[in-house]
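A short worksheet on the structure shown next.
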Amino acid sequence: MLEDTPRKIHRILYHQYQQNWVRPDIAWVSRRSLRSEERVREAIKVLRDEGYVEIAEGKMRILVPEEPDLLPQKPPDPPKLAYSVEGWMD
């Protein structure tokens, strides 16, 4: 399981860039995560070592997370009616 900073950086990168090959704006990620640029770079190295990002030719691609807490949450089902509405529109 990832620690707090790499997990936060992964979420920010994933939601911003999806799975496209990009050269991320470290300063922007730093501002969004409230972490220093150095900590963002360290977190990206951890993500690379753990297999959460790929880096090639100076660009990075964010991979789909495998950890359940990093996966997008399924929206809740709409509430079920406690009564029947049959016959209202006859």
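Here's how to read the names in the structure tokens: chain A, B, ... by the order shown, residue numbers from 1 in each chain, ligand numbers from 1 in the order shown.
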
Quick check for you: according to DSSP on this backbone, which residues of stretch 12-77 of chain A are classed as alpha helix (DSSP H)? Reply as a PyMOL selection string. chain A and resi 12-17+26-33+37-50

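We find atom CA of A:Val46 and atom CA of A:Met1 to be spaced 11.4 Å apart.
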
Of the candidates A:Leu2, A:Ile62, A:Ile55, A:Leu13, which one gets nearest to A:Val40 if we count only C-alpha atoms? A:Leu13

For A:Arg48, work out the shell of residues within 12 Å, counting only C-alpha atoms and skipping chain neighbours fewer than 2 positions away, then give it as JSON, numbers by chain. {"A": [2, 6, 9, 10, 41, 42, 43, 44, 45, 46, 50, 51, 52, 53, 54, 55, 56, 60, 61, 62, 63]}

Using N, CA and C atoms, can you write the selected residues to a file as a short mmCIF file (atom, residue, chain, number, x, y, z; two decimals), in the first residue's frame?
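Below you can see part_10.cif, which holds the result:
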data_model
loop_
_atom_site.label_atom_id
_atom_site.label_comp_id
_atom_site.auth_asym_id
_atom_site.auth_seq_id
_atom_site.Cartn_x
_atom_site.Cartn_y
_atom_site.Cartn_z
N LEU A 2 0.47 2.23 -0.72
CA LEU A 2 1.24 3.47 -0.82
C LEU A 2 1.08 4.33 0.42
N PRO A 6 2.74 9.68 -1.93
CA PRO A 6 2.64 9.06 -3.26
C PRO A 6 1.20 8.76 -3.67
N ILE A 9 -0.34 12.07 -4.81
CA ILE A 9 0.23 12.46 -6.11
C ILE A 9 -0.35 11.58 -7.22
N HIS A 10 -0.49 10.28 -6.96
CA HIS A 10 -1.06 9.38 -7.97
C HIS A 10 -2.48 9.79 -8.31
N ARG A 41 8.58 14.99 -6.77
CA ARG A 41 9.53 14.18 -7.56
C ARG A 41 9.85 12.86 -6.85
N GLU A 42 10.05 12.92 -5.54
CA GLU A 42 10.31 11.70 -4.77
C GLU A 42 9.11 10.75 -4.84
N ALA A 43 7.91 11.31 -4.76
CA ALA A 43 6.70 10.48 -4.83
C ALA A 43 6.58 9.83 -6.21
N ILE A 44 6.94 10.55 -7.26
CA ILE A 44 6.88 9.99 -8.61
C ILE A 44 7.88 8.85 -8.74
N LYS A 45 9.04 8.98 -8.12
CA LYS A 45 10.02 7.88 -8.14
C LYS A 45 9.47 6.65 -7.43
N VAL A 46 8.80 6.87 -6.29
CA VAL A 46 8.17 5.75 -5.57
C VAL A 46 7.10 5.11 -6.45
N GLU A 50 7.09 1.27 -7.74
CA GLU A 50 5.98 0.39 -7.35
C GLU A 50 5.11 -0.03 -8.54
N GLY A 51 5.36 0.54 -9.73
CA GLY A 51 4.61 0.16 -10.93
C GLY A 51 3.33 0.92 -11.16
N TYR A 52 3.17 2.07 -10.54
CA TYR A 52 1.97 2.89 -10.74
C TYR A 52 2.10 3.86 -11.90
N VAL A 53 3.32 4.12 -12.36
CA VAL A 53 3.55 4.97 -13.53
C VAL A 53 4.64 4.33 -14.38
N GLU A 54 4.60 4.64 -15.66
CA GLU A 54 5.66 4.25 -16.59
C GLU A 54 6.33 5.52 -17.06
N ILE A 55 7.63 5.48 -17.19
CA ILE A 55 8.37 6.63 -17.69
C ILE A 55 9.21 6.16 -18.86
N ALA A 56 9.06 6.85 -20.01
CA ALA A 56 9.81 6.53 -21.21
C ALA A 56 9.96 7.78 -22.06
N MET A 60 5.62 10.46 -19.09
CA MET A 60 5.12 9.57 -18.06
C MET A 60 3.68 9.19 -18.40
N ARG A 61 3.33 7.95 -18.05
CA ARG A 61 1.95 7.50 -18.22
C ARG A 61 1.48 6.92 -16.90
N ILE A 62 0.33 7.36 -16.44
CA ILE A 62 -0.22 6.91 -15.18
C ILE A 62 -0.99 5.63 -15.46
N LEU A 63 -0.72 4.60 -14.68
CA LEU A 63 -1.39 3.31 -14.86
C LEU A 63 -2.65 3.24 -14.00
#

Option closest in space to A:Arg39, from A:Gly58, A:Asp25, A:Thr5, A:Tyr14 [counting only C-alpha atoms]: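 Under the stated criterion, the closest residue is A:Thr5.
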
Rounded to one decimal, what separation in Å do you get between atom CA of A:Tyr17 and atom CA of A:Val29?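 Between atom CA of A:Tyr17 and atom CA of A:Val29 the gap works out to 11.1 Å.
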
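Atom to atom, atom CA of A:Asp49 and atom CA of A:Ser30 stand 20.0 Å apart.
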
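Distances from A:His15, A:Lys59, A:Lys74, A:Lys8 to A:Leu34 were compared using only C-alpha atoms, and the smallest one belongs to A:Lys8.
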